[in-house]
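Asks: Contents of target.txt (compact mmCIF, C-alpha atoms) are given next:
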```txt
# COMPACT_ATOMS: atom_id res chain seq x y z
CA MET A 24 0.00 0.00 0.00
CA ALA A 25 1.30 3.42 -0.91
CA LEU A 26 1.44 5.83 2.03
CA ASP A 27 -1.01 8.66 2.53
CA LYS A 28 0.20 12.19 3.32
CA ASN A 29 0.00 11.62 7.06
CA GLN A 30 2.13 8.49 6.80
CA ILE A 31 4.74 10.35 4.75
CA ALA A 32 4.88 12.90 7.56
CA GLN A 33 5.05 10.11 10.14
CA ARG A 34 8.02 8.51 8.35
CA ILE A 35 9.88 11.82 8.19
CA ALA A 36 9.25 12.38 11.90
CA GLN A 37 11.36 9.27 12.57
CA ASP A 38 14.38 11.25 11.34
CA LEU A 39 13.94 13.98 13.96
CA GLU A 40 16.61 14.10 16.64
CA HIS A 41 16.41 15.35 20.21
CA ASN A 42 16.90 19.13 20.62
CA MET A 43 16.78 19.88 16.88
CA TYR A 44 15.70 23.20 15.40
CA VAL A 45 13.43 22.41 12.44
CA ASN A 46 11.67 24.45 9.76
CA LEU A 47 8.61 22.84 8.19
CA GLY A 48 7.31 23.97 4.82
CA ILE A 49 3.68 24.25 3.77
CA GLY A 50 1.64 21.11 2.94
CA ILE A 51 2.77 17.60 3.95
CA PRO A 52 5.76 18.99 5.93
CA THR A 53 3.40 20.80 8.33
CA LEU A 54 1.96 17.40 9.31
CA VAL A 55 5.36 16.22 10.59
CA ALA A 56 4.71 18.17 13.82
CA ASN A 57 1.89 15.72 14.64
CA TYR A 58 4.23 12.73 14.83
CA ILE A 59 7.18 13.75 16.99
CA PRO A 60 8.48 10.57 18.64
CA LYS A 61 8.12 10.33 22.42
CA GLY A 62 11.04 11.66 24.43
CA ILE A 63 12.24 13.92 21.64
CA ASP A 64 12.16 17.69 22.04
CA ILE A 65 11.99 19.74 18.85
CA GLU A 66 11.74 23.49 18.37
CA PHE A 67 9.89 24.48 15.22
CA GLN A 68 10.87 27.66 13.43
CA SER A 69 8.53 29.48 11.11
CA GLU A 70 10.24 31.97 8.82
CA ASN A 71 7.72 34.76 9.42
CA GLY A 72 9.33 35.17 12.83
CA VAL A 73 8.69 32.57 15.50
CA LEU A 74 10.73 29.83 17.15
CA GLY A 75 8.94 27.46 19.51
CA MET A 76 5.75 27.13 17.53
CA GLY A 77 2.98 25.14 19.21
CA PRO A 78 -0.24 23.56 17.98
CA PHE A 79 -3.22 25.36 16.45
CA PRO A 80 -5.22 27.41 18.99
CA PHE A 81 -8.51 26.25 20.45
CA GLU A 82 -11.54 27.76 18.79
CA GLY A 83 -12.12 31.27 20.07
CA GLU A 84 -8.45 31.74 20.96
CA GLU A 85 -7.17 32.59 17.45
CA ASP A 86 -4.89 35.63 17.39
CA PRO A 87 -4.37 37.53 14.10
CA ASP A 88 -0.95 38.53 15.44
CA MET A 89 0.14 34.91 15.82
CA ILE A 90 0.45 33.02 12.53
CA ASN A 91 2.88 30.67 10.79
CA ALA A 92 4.43 31.03 7.33
CA GLY A 93 1.33 29.41 5.85
CA LYS A 94 -0.72 32.25 7.41
CA GLN A 95 -2.44 29.74 9.70
CA THR A 96 -3.27 30.74 13.26
CA ILE A 97 -0.88 29.09 15.75
CA THR A 98 0.15 29.13 19.40
CA THR A 99 3.56 29.28 21.01
CA LEU A 100 5.10 26.91 23.55
CA PRO A 101 6.93 27.91 26.75
CA GLY A 102 10.34 29.26 25.75
CA ALA A 103 9.14 30.53 22.39
CA VAL A 104 10.61 33.69 20.90
CA LEU A 105 9.46 36.18 18.28
CA PHE A 106 11.65 38.16 15.89
CA ASP A 107 11.76 40.10 12.65
CA SER A 108 12.20 38.60 9.17
CA ALA A 109 15.92 39.49 8.86
CA THR A 110 16.69 37.74 12.15
CA SER A 111 14.60 34.79 11.02
CA PHE A 112 16.62 34.36 7.85
CA ALA A 113 19.86 34.84 9.79
CA MET A 114 18.83 31.65 11.62
CA ILE A 115 18.21 29.96 8.27
CA ARG A 116 21.10 31.31 6.20
CA GLY A 117 23.49 31.02 9.13
CA GLN A 118 22.63 27.30 9.41
CA HIS A 119 21.31 27.56 12.96
CA VAL A 120 18.17 25.79 11.79
CA GLN A 121 19.31 22.20 11.48
CA LEU A 122 16.65 20.51 9.39
CA THR A 123 14.30 21.76 6.71
CA VAL A 124 11.36 19.72 5.45
CA LEU A 125 9.89 20.98 2.18
CA GLY A 126 7.33 19.97 -0.40
CA ALA A 127 8.32 19.83 -4.07
CA MET A 128 6.84 19.66 -7.55
CA GLU A 129 9.99 18.00 -8.92
CA VAL A 130 13.35 16.78 -7.66
CA SER A 131 16.31 15.62 -9.71
CA GLU A 132 19.11 13.13 -9.18
CA ASN A 133 21.78 15.79 -8.64
CA GLY A 134 19.75 17.16 -5.70
CA ASP A 135 17.94 20.04 -7.45
CA ILE A 136 14.43 20.95 -6.32
CA ALA A 137 11.63 22.81 -8.13
CA ASN A 138 8.68 24.03 -6.09
CA TRP A 139 7.88 27.67 -6.83
CA LYS A 140 6.68 28.25 -10.35
CA ILE A 141 4.89 26.71 -13.33
CA PRO A 142 5.62 29.13 -16.18
CA GLY A 143 2.48 30.75 -17.61
CA LYS A 144 0.26 28.93 -15.16
CA MET A 145 1.09 29.29 -11.52
CA VAL A 146 3.35 32.04 -10.26
CA LYS A 147 2.95 32.42 -6.55
CA GLY A 148 6.55 33.11 -5.67
CA MET A 149 9.25 31.32 -3.77
CA GLY A 150 8.59 32.80 -0.35
CA GLY A 151 11.42 31.61 1.87
CA ALA A 152 12.08 28.39 -0.03
CA MET A 153 15.13 29.63 -1.97
CA ASP A 154 16.83 30.90 1.18
CA LEU A 155 16.03 27.64 2.96
CA VAL A 156 17.33 25.29 0.28
CA ALA A 157 20.45 27.36 -0.42
CA SER A 158 21.60 27.19 3.18
CA ALA A 159 20.11 24.24 5.04
CA GLU A 160 22.60 21.53 5.94
CA ASN A 161 19.92 18.89 5.85
CA ILE A 162 16.87 19.03 3.59
CA ILE A 163 14.23 16.32 3.44
CA VAL A 164 11.65 16.57 0.69
CA ALA A 165 8.13 15.33 1.40
CA MET A 166 6.16 14.66 -1.77
CA MET A 167 4.00 12.29 -3.77
CA HIS A 168 6.10 10.12 -6.09
CA THR A 169 4.02 10.99 -9.16
CA ASN A 170 1.78 13.89 -10.18
CA ARG A 171 -1.97 13.72 -10.78
CA LYS A 172 -1.40 12.49 -14.33
CA GLY A 173 0.73 9.65 -12.97
CA GLU A 174 4.00 11.14 -14.24
CA SER A 175 7.12 10.77 -12.13
CA LYS A 176 8.24 13.75 -10.06
CA ILE A 177 11.59 12.04 -9.39
CA LEU A 178 13.57 13.06 -12.44
CA LYS A 179 16.96 12.94 -14.11
CA LYS A 180 16.65 16.69 -14.56
CA CYS A 181 13.97 19.12 -13.37
CA THR A 182 11.76 20.53 -16.13
CA LEU A 183 10.29 23.38 -14.04
CA PRO A 184 12.26 26.48 -12.92
CA ILE A 185 14.37 25.31 -10.01
CA THR A 186 14.35 26.62 -6.45
CA GLY A 187 17.86 25.46 -5.60
CA VAL A 188 20.73 23.41 -7.00
CA ASN A 189 22.33 20.32 -5.57
CA CYS A 190 20.81 20.80 -2.14
CA ILE A 191 18.33 18.08 -1.12
CA LYS A 192 19.58 15.10 0.87
CA LYS A 193 16.60 12.82 1.15
CA VAL A 194 13.17 12.32 -0.42
CA VAL A 195 10.26 10.61 1.31
CA THR A 196 7.33 9.81 -0.99
CA ASN A 197 4.19 7.72 -0.81
CA LEU A 198 6.23 4.85 -2.32
CA ALA A 199 9.80 5.10 -1.09
CA VAL A 200 12.59 6.72 0.88
CA LEU A 201 15.39 7.88 -1.40
CA GLU A 202 18.79 9.24 -0.50
CA VAL A 203 20.45 11.73 -2.82
CA THR A 204 24.04 10.54 -3.31
CA LYS A 205 26.70 11.96 -5.60
CA ASP A 206 25.84 9.14 -8.01
CA GLY A 207 22.10 9.76 -7.94
CA PHE A 208 19.02 8.51 -6.08
CA LYS A 209 19.63 5.52 -3.84
CA LEU A 210 16.60 3.49 -2.78
CA LEU A 211 16.67 3.10 1.01
CA GLU A 212 13.19 1.90 1.95
CA ARG A 213 9.92 1.05 0.29
CA ALA A 214 6.38 1.64 1.51
CA PRO A 215 4.79 -1.46 3.10
CA GLY A 216 3.64 -3.81 0.37
CA VAL A 217 5.12 -1.76 -2.48
CA SER A 218 7.56 -3.71 -4.67
CA ILE A 219 10.87 -2.49 -6.00
CA GLU A 220 9.46 -2.91 -9.53
CA GLU A 221 6.55 -0.58 -8.77
CA ILE A 222 8.99 2.04 -7.51
CA ILE A 223 11.19 1.69 -10.62
CA VAL A 224 8.15 2.11 -12.88
CA ALA A 225 7.09 5.28 -11.02
CA THR A 226 10.58 6.80 -11.14
CA GLN A 227 11.98 8.53 -14.22
CA ALA A 228 15.49 8.88 -12.73
CA GLU A 229 17.83 5.92 -12.41
CA LEU A 230 17.73 4.26 -9.00
CA ILE A 231 20.70 2.80 -7.19
CA ILE A 232 19.44 -0.43 -5.64
CA GLU A 233 21.83 -2.39 -3.43
CA GLY A 234 20.89 -5.58 -1.60
CA ASP A 235 17.58 -6.06 0.15
CA ILE A 236 15.42 -2.96 0.40
CA PRO A 237 13.51 -3.01 3.69
CA GLU A 238 9.95 -1.85 4.14
CA MET A 239 9.45 1.33 6.15
CA GLY A 240 8.66 0.59 9.76
CA PHE A 241 5.93 2.44 11.67
CA MET B 19 12.14 65.29 23.11
CA ILE B 20 11.38 65.23 19.40
CA ASN B 21 7.66 64.80 18.83
CA LYS B 22 6.67 62.86 15.72
CA VAL B 23 2.97 62.48 16.37
CA VAL B 24 0.65 63.31 13.50
CA LYS B 25 -3.02 63.69 14.33
CA THR B 26 -4.69 62.70 11.07
CA ILE B 27 -4.21 60.08 8.40
CA ASP B 28 -3.96 62.89 5.79
CA GLU B 29 -1.00 64.32 7.64
CA ALA B 30 0.50 60.85 7.96
CA ILE B 31 0.53 60.26 4.19
CA SER B 32 1.12 63.86 3.07
CA GLY B 33 3.75 64.11 0.33
CA VAL B 34 2.91 60.84 -1.40
CA GLU B 35 2.94 61.19 -5.17
CA SER B 36 2.50 59.10 -8.28
CA ASN B 37 5.52 57.00 -9.38
CA MET B 38 6.98 56.81 -5.88
CA THR B 39 8.40 53.70 -4.24
CA PHE B 40 6.67 52.52 -1.07
CA MET B 41 7.62 49.84 1.42
CA VAL B 42 4.65 48.27 3.14
CA GLY B 43 5.16 46.09 6.22
CA GLY B 44 3.35 42.87 7.09
CA PHE B 45 3.38 39.15 6.38
CA GLY B 46 0.19 38.03 4.71
CA LEU B 47 -2.38 40.24 6.43
CA SER B 48 -0.57 40.13 9.78
CA GLY B 49 1.00 43.42 10.78
CA ILE B 50 -0.05 45.42 7.73
CA PRO B 51 -0.56 49.19 8.09
CA GLU B 52 -4.31 48.97 7.48
CA ASN B 53 -5.12 52.65 7.99
CA CYS B 54 -2.36 53.94 5.71
CA ILE B 55 -3.20 51.42 2.97
CA ALA B 56 -6.89 52.39 3.09
CA ALA B 57 -5.97 56.09 2.82
CA LEU B 58 -3.51 55.48 -0.04
CA SER B 59 -6.17 53.52 -1.92
CA LYS B 60 -8.40 56.63 -1.88
CA LYS B 61 -5.74 58.97 -3.27
CA ASP B 62 -5.28 59.56 -6.97
CA ILE B 63 -1.71 58.33 -7.06
CA PHE B 64 -0.65 55.82 -9.69
CA GLY B 65 2.46 54.18 -11.15
CA LEU B 66 3.61 53.07 -7.70
CA THR B 67 6.35 50.59 -6.95
CA CYS B 68 5.45 48.64 -3.83
CA ILE B 69 7.95 46.59 -1.86
CA SER B 70 6.02 44.19 0.34
CA ASN B 71 6.43 40.51 1.13
CA ASN B 72 2.89 39.79 -0.06
CA ALA B 73 0.25 41.60 -2.07
CA GLY B 74 -2.75 41.35 0.23
CA VAL B 75 -5.96 39.62 -0.79
CA ASP B 76 -8.48 40.77 -3.38
CA ASP B 77 -10.41 43.12 -1.09
CA PHE B 78 -7.97 43.91 1.70
CA GLY B 79 -4.42 45.12 2.21
CA LEU B 80 -2.49 45.97 -0.95
CA GLY B 81 -5.28 44.28 -2.90
CA LEU B 82 -7.11 47.61 -2.54
CA LEU B 83 -4.38 49.45 -4.45
CA LEU B 84 -4.11 46.67 -7.03
CA LYS B 85 -7.83 46.81 -7.72
CA ARG B 86 -7.54 50.51 -8.64
CA LYS B 87 -4.43 49.75 -10.71
CA GLN B 88 -2.36 52.17 -8.65
CA ILE B 89 0.61 49.81 -8.57
CA LYS B 90 2.93 49.55 -11.56
CA LYS B 91 5.46 47.21 -10.00
CA MET B 92 5.50 44.84 -7.02
CA ILE B 93 8.66 43.59 -5.34
CA SER B 94 7.59 40.59 -3.24
CA SER B 95 8.44 37.02 -2.30
CA TYR B 96 5.02 35.39 -2.31
CA VAL B 97 1.80 36.56 -3.89
CA GLY B 98 -0.32 33.43 -3.76
CA GLU B 99 -3.49 34.72 -2.15
CA ASN B 100 -4.57 37.37 -4.60
CA ALA B 101 -6.42 36.40 -7.78
CA GLU B 102 -6.47 39.95 -9.19
CA PHE B 103 -2.72 40.16 -8.68
CA GLU B 104 -2.16 36.92 -10.57
CA ARG B 105 -4.42 38.10 -13.38
CA GLN B 106 -2.60 41.45 -13.74
CA MET B 107 0.78 39.72 -13.61
CA LEU B 108 0.00 37.02 -16.16
CA SER B 109 -1.55 39.59 -18.52
CA GLY B 110 1.54 41.78 -18.23
CA GLU B 111 -0.28 44.82 -16.77
CA LEU B 112 1.71 44.54 -13.57
CA GLU B 113 5.47 44.24 -13.40
CA VAL B 114 6.55 41.79 -10.71
CA ASP B 115 9.95 41.17 -9.21
CA LEU B 116 9.79 38.01 -7.12
CA ILE B 117 12.76 37.61 -4.81
CA PRO B 118 13.60 35.15 -2.04
CA GLN B 119 12.05 36.20 1.27
CA GLY B 120 15.33 36.26 3.20
CA SER B 121 16.96 38.35 0.48
CA LEU B 122 13.99 40.74 0.56
CA ALA B 123 14.29 41.16 4.34
CA GLU B 124 18.05 41.64 4.20
CA ARG B 125 17.83 44.07 1.26
CA CYS B 126 15.51 46.27 3.33
CA ARG B 127 17.71 45.97 6.41
CA ALA B 128 20.81 46.77 4.33
CA GLY B 129 19.09 49.77 2.78
CA GLY B 130 18.40 51.18 6.20
CA ALA B 131 21.81 50.26 7.55
CA GLY B 132 23.89 51.94 4.84
CA ILE B 133 25.11 48.72 3.25
CA PRO B 134 24.66 49.04 -0.54
CA ALA B 135 24.84 45.32 -1.41
CA PHE B 136 25.68 41.90 -0.03
CA PHE B 137 26.30 38.34 -1.19
CA THR B 138 23.86 35.55 -0.31
CA PRO B 139 23.67 31.90 -1.32
CA ALA B 140 19.89 32.17 -1.88
CA GLY B 141 18.79 31.86 -5.47
CA TYR B 142 22.11 30.72 -6.91
CA GLY B 143 21.56 28.68 -10.09
CA THR B 144 17.93 29.81 -10.37
CA GLU B 145 16.29 32.44 -12.56
CA VAL B 146 16.41 35.03 -9.75
CA ALA B 147 20.20 35.03 -10.05
CA GLU B 148 20.16 35.78 -13.78
CA GLY B 149 22.24 38.85 -14.59
CA LYS B 150 23.57 39.12 -11.04
CA GLU B 151 27.23 38.89 -10.07
CA VAL B 152 28.21 35.55 -8.53
CA ARG B 153 31.24 35.07 -6.28
CA GLU B 154 32.57 32.12 -4.39
CA TYR B 155 33.08 32.36 -0.65
CA ASN B 156 34.07 29.36 1.50
CA GLY B 157 33.88 27.24 -1.62
CA ASN B 158 30.22 28.06 -2.32
CA PRO B 159 28.67 30.36 -4.93
CA HIS B 160 26.86 33.50 -3.71
CA VAL B 161 24.68 36.03 -5.53
CA LEU B 162 25.08 39.80 -5.24
CA GLU B 163 21.88 41.47 -4.03
CA LEU B 164 21.39 45.24 -3.84
CA ALA B 165 19.94 47.15 -0.90
CA LEU B 166 16.42 48.55 -1.13
CA THR B 167 15.18 51.94 0.05
CA ALA B 168 11.87 53.72 -0.44
CA ASP B 169 10.39 57.21 -0.65
CA PHE B 170 7.95 56.15 2.06
CA ALA B 171 7.86 53.14 4.38
CA PHE B 172 4.49 52.37 5.94
CA VAL B 173 4.74 50.16 9.01
CA LYS B 174 2.42 49.00 11.75
CA ALA B 175 3.30 48.42 15.39
CA TRP B 176 1.42 47.40 18.52
CA LYS B 177 2.59 50.28 20.72
CA GLY B 178 4.50 53.43 20.03
CA ASP B 179 5.36 56.71 21.71
CA GLY B 180 5.70 60.33 20.63
CA ALA B 181 9.38 59.85 19.91
CA GLY B 182 8.56 57.19 17.32
CA ASN B 183 9.79 54.24 19.38
CA LEU B 184 7.94 51.06 18.46
CA ILE B 185 7.03 47.74 20.04
CA PHE B 186 5.56 44.95 17.94
CA LYS B 187 3.40 42.04 18.99
CA GLY B 188 3.61 38.39 17.98
CA THR B 189 4.39 37.55 14.39
CA ALA B 190 3.02 40.94 13.31
CA ARG B 191 6.60 42.18 13.62
CA ASN B 192 7.96 40.45 10.46
CA PHE B 193 9.18 43.03 7.89
CA ASN B 194 8.04 46.12 9.81
CA PRO B 195 11.26 46.91 11.74
CA LEU B 196 13.39 46.42 8.59
CA MET B 197 11.23 48.59 6.38
CA ALA B 198 11.06 51.24 9.10
CA MET B 199 14.83 51.55 8.75
CA ALA B 200 14.76 51.85 4.96
CA GLY B 201 12.16 54.56 4.37
CA LYS B 202 13.22 58.13 3.58
CA ILE B 203 9.98 58.98 5.37
CA THR B 204 8.78 56.21 7.64
CA VAL B 205 5.19 56.41 8.78
CA ALA B 206 4.33 54.18 11.73
CA GLU B 207 0.72 53.55 12.64
CA VAL B 208 0.13 51.96 16.04
CA GLU B 209 -2.70 50.32 17.92
CA GLU B 210 -1.78 52.23 21.04
CA LEU B 211 0.05 55.54 21.09
CA VAL B 212 1.42 56.32 24.55
CA PRO B 213 3.09 59.47 25.90
CA THR B 214 6.85 59.60 25.43
CA GLY B 215 8.55 58.07 28.45
CA GLU B 216 5.96 55.40 29.09
CA LEU B 217 7.64 52.64 27.10
CA ASP B 218 10.41 50.72 28.84
CA PRO B 219 13.56 51.48 26.78
CA ASN B 220 14.65 47.86 27.31
CA GLN B 221 11.59 46.59 25.49
CA ILE B 222 11.62 48.81 22.39
CA HIS B 223 12.09 46.95 19.10
CA THR B 224 12.46 49.86 16.68
CA PRO B 225 14.25 52.98 17.93
CA GLY B 226 12.39 56.18 17.10
CA ILE B 227 15.29 57.52 15.04
CA PHE B 228 14.02 55.36 12.15
CA VAL B 229 10.49 56.79 12.31
CA GLN B 230 9.50 60.22 10.97
CA ARG B 231 5.76 60.19 11.67
CA ILE B 232 3.68 58.24 14.16
CA LEU B 233 -0.08 57.94 14.11
CA GLN B 234 -2.69 56.38 16.37
CA GLY B 235 -4.54 54.02 14.00
CA GLN B 236 -8.27 54.72 13.91
CA LYS B 237 -9.43 51.13 13.69
CA TYR B 238 -8.01 47.69 13.06
CA GLU B 239 -9.84 44.87 11.34
CA LYS B 240 -6.87 42.47 11.68
CA ARG B 241 -8.26 39.91 9.30
CA ILE B 242 -7.17 36.27 9.63
CA GLU B 243 -6.30 34.52 6.34
CA GLN B 244 -6.24 30.89 7.45
CA ARG B 245 -8.23 30.31 10.59
CA THR B 246 -6.95 26.99 11.91
CA VAL B 247 -8.06 25.59 15.26
CA ARG B 248 -7.85 22.35 17.19
CA ILE B 249 -10.71 20.56 18.88
CA ARG B 250 -10.94 20.65 22.65
CA GLU B 251 -10.78 17.11 23.96
```
Output the file's structure in the form of structure tokens.
Replies:
Amino acid sequence: MALDKNQIAQRIAQDLEHNMYVNLGIGIPTLVANYIPKGIDIEFQSENGVLGMGPFPFEGEEDPDMINAGKQTITTLPGAVLFDSATSFAMIRGQHVQLTVLGAMEVSENGDIANWKIPGKMVKGMGGAMDLVASAENIIVAMMHTNRKGESKILKKCTLPITGVNCIKKVVTNLAVLEVTKDGFKLLERAPGVSIEEIIVATQAELIIEGDIPEMGF
Amino acid sequence: MINKVVKTIDEAISGVESNMTFMVGGFGLSGIPENCIAALSKKDIFGLTCISNNAGVDDFGLGLLLKRKQIKKMISSYVGENAEFERQMLSGELEVDLIPQGSLAERCRAGGAGIPAFFTPAGYGTEVAEGKEVREYNGNPHVLELALTADFAFVKAWKGDGAGNLIFKGTARNFNPLMAMAGKITVAEVEELVPTGELDPNQIHTPGIFVQRILQGQKYEKRIEQRTVRIRE
């Protein structure tokens, strides 16, 4: 069975380490916060100017002055701090934020990512994504393996305008966990019940497959 | 003590003209100078260049100026919530310079801090780096970005005093302190204007030296774009 979006988030949450500072992008990445393993403390940064982001507020307690980068109402946890946008990107560019989880429209085998523009169709802007991918030491991409037409989003070369070059380290999709190595995508894990052949068929890029490929554990 | 208080919104925006460059604070609709934007949208000024992280929504924030086609060019990082904006951009009526959010923030800060340009890794190898100088530092390529300044910067704070000192609240701070630094004339509208001396100097975010005019905002709608809540268990 291919994973759903929540399970992709759950798998990524397994990579979180104690006392990490993490920035979560919009979409599937936001869901990662729901699956933090027990005994692990994480501080979430949102690039509009908050560190120590908590869950959504209870109804009636929404504050227009307290939002995340997706413009959703949020709360803060004890120890949280607020700051301006330049300070926020100092944390990002200066590599103080240790892990970035982002969505993508396409990724390529040299580690490029495209997630901000479809020429002539959708031009919303890159927001903070270009700053994040250019500087983050560790970037995990959370995405569906194929688009709505069934075409692979895991490519030899991105076809859309890219957001950053040679930057992503790992991709977690509904079918597989892939590591970006200097030789290309290496298949690390497959979704429960998904065969290696199914993953190969859904992947336009070459896959490096060595030995037994374990199923993801939940 | 220098007194920067202006009593009316007309006084606050006096001197604005067509073809000027404005900075407008806020992230999404959080921390936008609502009163100044509303007043600007009623003035017959056109051909504006607006530097703002976002472009408001169709009927609020900078969307009001877009609707009247007062803006010629937007310099932003994300414009996803405004259908009229997207229409004007795709049809070529509106010139749009999309730049990475961190570069936008730093370009404003640099403009206010007297730093004409800086190198950043953001955008290297992408179309935003086209035509820009690239240099390697510590083995990695960086893109030259130029500082931004504006004829007017319109910012919004939670509290302010007669000297122009500002305190922001929550994530409504965002671009406001940076743009306050970079305006030739910075107009700050505040939810609560207090007499000079009442703010604790330790708690002030933006020193009054960056602010030329300060105004008690008449009313604040403070619209929420994405109301997200959790269920009480």
Asks: List as a compact mmCIF listing (two decimals) with C-alpha atoms, in the frame of the given file the protein and nucleic acid residues near B:Glu29, meaning an atom at most 10 Å away when only C-alpha atoms are counted, but skip any in the same chain fewer than 4 places from it.
Replies:
```
# COMPACT_ATOMS: atom_id res chain seq x y z
CA VAL B 23 2.97 62.48 16.37
CA VAL B 24 0.65 63.31 13.50
CA LYS B 25 -3.02 63.69 14.33
CA GLY B 33 3.75 64.11 0.33
CA ARG B 231 5.76 60.19 11.67
CA LEU B 233 -0.08 57.94 14.11
```
Asks: Mind listing as a VMD selection string which residues of chain A are within 6 Å of chain B, counting only C-alpha atoms?
Replies: chain A and resid 71 to 72 79 to 82 87 to 89 94 to 96 107 to 109 112 147 to 151 153 to 154 157 185
Asks: Give as an NGL selection string every residue, naming chains and numbers as the document does, that has an atom within 9 Å of (24.7, 26.0, 5.8), counting all atoms listed in the file.
Replies: :A and (115-121 or 157-161)
Asks: Can you tell me, as a ChimeraX atom specification, what residues are no more than 12 Å from A:Met43 when counting only C-alpha atoms, ignoring any on the same chain fewer than 5 positions away?
Replies: /A:36,38,59,63-68,74-75,119-123,161
Asks: Might you pull out every residue within 12 Å of A:Ala127, with only C-alpha atoms counted and same-chain residues fewer than 4 positions away left off, and present them as a ChimeraX atom specification?
Replies: /A:48-52,131,134-140,149,152,156,162-170,176-178,181,183-187,191,194-196
Asks: Rounded to one decimal place, report the atom CA of B:Ala206-atom CA of B:Ala101 distance in Å.
Replies: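 Taking atom CA of B:Ala206 and atom CA of B:Ala101, their separation equals 28.5 Å.
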Asks: Considering all atoms listed in the file, state which residue in the set A:Ile141, A:Ile35, A:Val104, A:Ala113 is at the smallest distance from A:Leu125.
Replies: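 Looking only at the distances to A:Leu125, the closest residue turns out to be A:Ile35.
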Asks: May I have the centre and edge lengths, in Å to one decimal, of an axis-aligned box around the listed atoms of stretch 49-56 of chain A with 3 Å added to every side, as AutoDock Vina command-line options?
Replies:
```
--center_x 3.7 --center_y 20.2 --center_z 8.4 --size_x 10.1 --size_y 14.0 --size_z 16.9
```
Asks: For B:Leu80, work out the shell of residues within 10 Å, counting all atoms listed in the file and skipping chain neighbours fewer than 4 positions away, then give it as a list in words.
Replies: Val42, Leu47, Ile50, Pro51, Glu52, Ile55, Ala56, Leu58, Ser59, Cys68, Ser70, Asn72, Ala73, Gly74, Val75, Asp76, Leu84, Lys85, Gln88, Ile89, Asn100 and Phe103 of chain B
Asks: Store the residues picked out above in a file with C-alpha atoms, as a JSON list (two decimals), in the frame of the given file.
Replies:
```json
[["chain", "number", "residue", "atom", "x", "y", "z"],
["B", 42, "VAL", "CA", 4.65, 48.27, 3.14],
["B", 47, "LEU", "CA", -2.38, 40.24, 6.43],
["B", 50, "ILE", "CA", -0.05, 45.42, 7.73],
["B", 51, "PRO", "CA", -0.56, 49.19, 8.09],
["B", 52, "GLU", "CA", -4.31, 48.97, 7.48],
["B", 55, "ILE", "CA", -3.20, 51.42, 2.97],
["B", 56, "ALA", "CA", -6.89, 52.39, 3.09],
["B", 58, "LEU", "CA", -3.51, 55.48, -0.04],
["B", 59, "SER", "CA", -6.17, 53.52, -1.92],
["B", 68, "CYS", "CA", 5.45, 48.64, -3.83],
["B", 70, "SER", "CA", 6.02, 44.19, 0.34],
["B", 72, "ASN", "CA", 2.89, 39.79, -0.06],
["B", 73, "ALA", "CA", 0.25, 41.60, -2.07],
["B", 74, "GLY", "CA", -2.75, 41.35, 0.23],
["B", 75, "VAL", "CA", -5.96, 39.62, -0.79],
["B", 76, "ASP", "CA", -8.48, 40.77, -3.38],
["B", 84, "LEU", "CA", -4.11, 46.67, -7.03],
["B", 85, "LYS", "CA", -7.83, 46.81, -7.72],
["B", 88, "GLN", "CA", -2.36, 52.17, -8.65],
["B", 89, "ILE", "CA", 0.61, 49.81, -8.57],
["B", 100, "ASN", "CA", -4.57, 37.37, -4.60],
["B", 103, "PHE", "CA", -2.72, 40.16, -8.68]]
```
Asks: Please indicate the distance in Å from atom CA of B:Pro134 to atom CA of A:Met114, rounded to one decimal place.
Replies: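 We find that atom CA of B:Pro134 and atom CA of A:Met114 lie 22.0 Å from each other.
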Asks: Using only C-alpha atoms, which protein or nucleic acid residues come within 12 Å of B:Lys90? Drop anything in the same chain fewer than 3 positions from it, and give the result as a JSON list (two decimals) with C-alpha atoms, keeping the file's coordinate frame.
Replies:
```json
[["chain", "number", "residue", "atom", "x", "y", "z"],
["B", 36, "SER", "CA", 2.50, 59.10, -8.28],
["B", 37, "ASN", "CA", 5.52, 57.00, -9.38],
["B", 38, "MET", "CA", 6.98, 56.81, -5.88],
["B", 39, "THR", "CA", 8.40, 53.70, -4.24],
["B", 40, "PHE", "CA", 6.67, 52.52, -1.07],
["B", 63, "ILE", "CA", -1.71, 58.33, -7.06],
["B", 64, "PHE", "CA", -0.65, 55.82, -9.69],
["B", 65, "GLY", "CA", 2.46, 54.18, -11.15],
["B", 66, "LEU", "CA", 3.61, 53.07, -7.70],
["B", 67, "THR", "CA", 6.35, 50.59, -6.95],
["B", 68, "CYS", "CA", 5.45, 48.64, -3.83],
["B", 69, "ILE", "CA", 7.95, 46.59, -1.86],
["B", 83, "LEU", "CA", -4.38, 49.45, -4.45],
["B", 84, "LEU", "CA", -4.11, 46.67, -7.03],
["B", 85, "LYS", "CA", -7.83, 46.81, -7.72],
["B", 86, "ARG", "CA", -7.54, 50.51, -8.64],
["B", 87, "LYS", "CA", -4.43, 49.75, -10.71],
["B", 93, "ILE", "CA", 8.66, 43.59, -5.34],
["B", 103, "PHE", "CA", -2.72, 40.16, -8.68],
["B", 106, "GLN", "CA", -2.60, 41.45, -13.74],
["B", 107, "MET", "CA", 0.78, 39.72, -13.61],
["B", 110, "GLY", "CA", 1.54, 41.78, -18.23],
["B", 111, "GLU", "CA", -0.28, 44.82, -16.77],
["B", 112, "LEU", "CA", 1.71, 44.54, -13.57],
["B", 113, "GLU", "CA", 5.47, 44.24, -13.40],
["B", 114, "VAL", "CA", 6.55, 41.79, -10.71],
["B", 115, "ASP", "CA", 9.95, 41.17, -9.21]]
```
